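Q: Below is the structure I would like to discuss, written out as structure tokens.
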Amino acid sequence: QVQLVESGGGLVQPGASLRLSCVASGRFSSISVMGWYRQAPGKERELVAAITGGGTTNYEDSVKGRFTISRNSVKSAWYLQMSSLKPEDTAVYYCNAVDYYAKNYWGQGTQVTVSS
């Protein structure tokens with residue numbers, strides 16, 4: 001089992017930056033893919049960014065060039081650096097992990113609100 005805890009959300013103005021953190025506990029050595037999803041009101045949850053154990057990254061088109069996902073070397077923590085934030089980035093952000101058995105784990109979510 002893997003437990004995930006996010007932190008770093010908040011209320012910011014358009015153009016600002018935020019860094020989200022996700023800390024894993026339990027059998028984090030079994031994690032193969034780490035990611036961030038978001039869900040805005042009335043919308044489906046969507047993948048924002050993902051990174052593999054080997055460091056390969058993938059981004060949703062609207063965040064390319066603005067968001068950066070990274071991880072530590074032992075896969076016990078990963079981060080989402082968000083820059084040039086827009087109102088449409090407002091959502092609850094969830095960290096996600098997939099283990100080698102394709103089981104998904106989720107954090108509790110952290111609210112990001114971008115508003116002037």
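We label chains A, B, ... in the order they appear in the structure tokens, count residues from 1 in each chain, and number ligands from 1 in the order shown.
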May I have the residues within 10 Å of range 66-79 of chain A as number ranges by chain, using only C-alpha atoms and disregarding those fewer than 2 positions away in the same chain?

A: A: 2, 4-8, 17-36, 48-60, 62-64, 81-85, 95-97

Q: Restricting the calculation to only C-alpha atoms, which member of A:Asn104, A:Gln39, A:Thr90, A:Gln1 is positioned closest to Gln13 in chain A?

A: A:Thr90

Q: Got a sec: who's within 9 Å of Ser115 in chain A, counting only C-alpha atoms, leaving out chain neighbours fewer than 6 positions off, as a list in words?

A: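 Using only C-alpha atoms, the neighbours found are Leu11, Val12, Gln13, Pro14, Lys86, Pro87 and Thr90 of chain A.
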
Q: List every residue of chain A that DSSP, applied to the backbone of this structure, places in helix (DSSP H, G or I), and write the result as a ChimeraX atom specification.

A: /A:28-30,61-63,87-89

Q: Could you tell me how far CA of Asp61 in chain A sits from CA of Val114 in chain A, in Å to one decimal place?

A: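 Calculated distance between CA of Val114 in chain A and CA of Asp61 in chain A is 18.7 Å.
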
Q: Report as a list of chain:residue names all protein, DNA and RNA residues lying within 7 Å of Arg38 in chain A, evaluated on only C-alpha atoms, omitting residues in the same chain fewer than 6 positions from it.

A: A:Arg45, A:Glu46, A:Leu47, A:Val48, A:Ala91, A:Val92, A:Tyr93, A:Tyr94

Q: As a ChimeraX atom specification, please: all residues of range 7-112 of chain A that backbone DSSP puts in strand (DSSP E or B).

A: /A:7,10-12,18-26,31-39,46-52,57-59,67-71,77-82,91-99,104-106,110-112
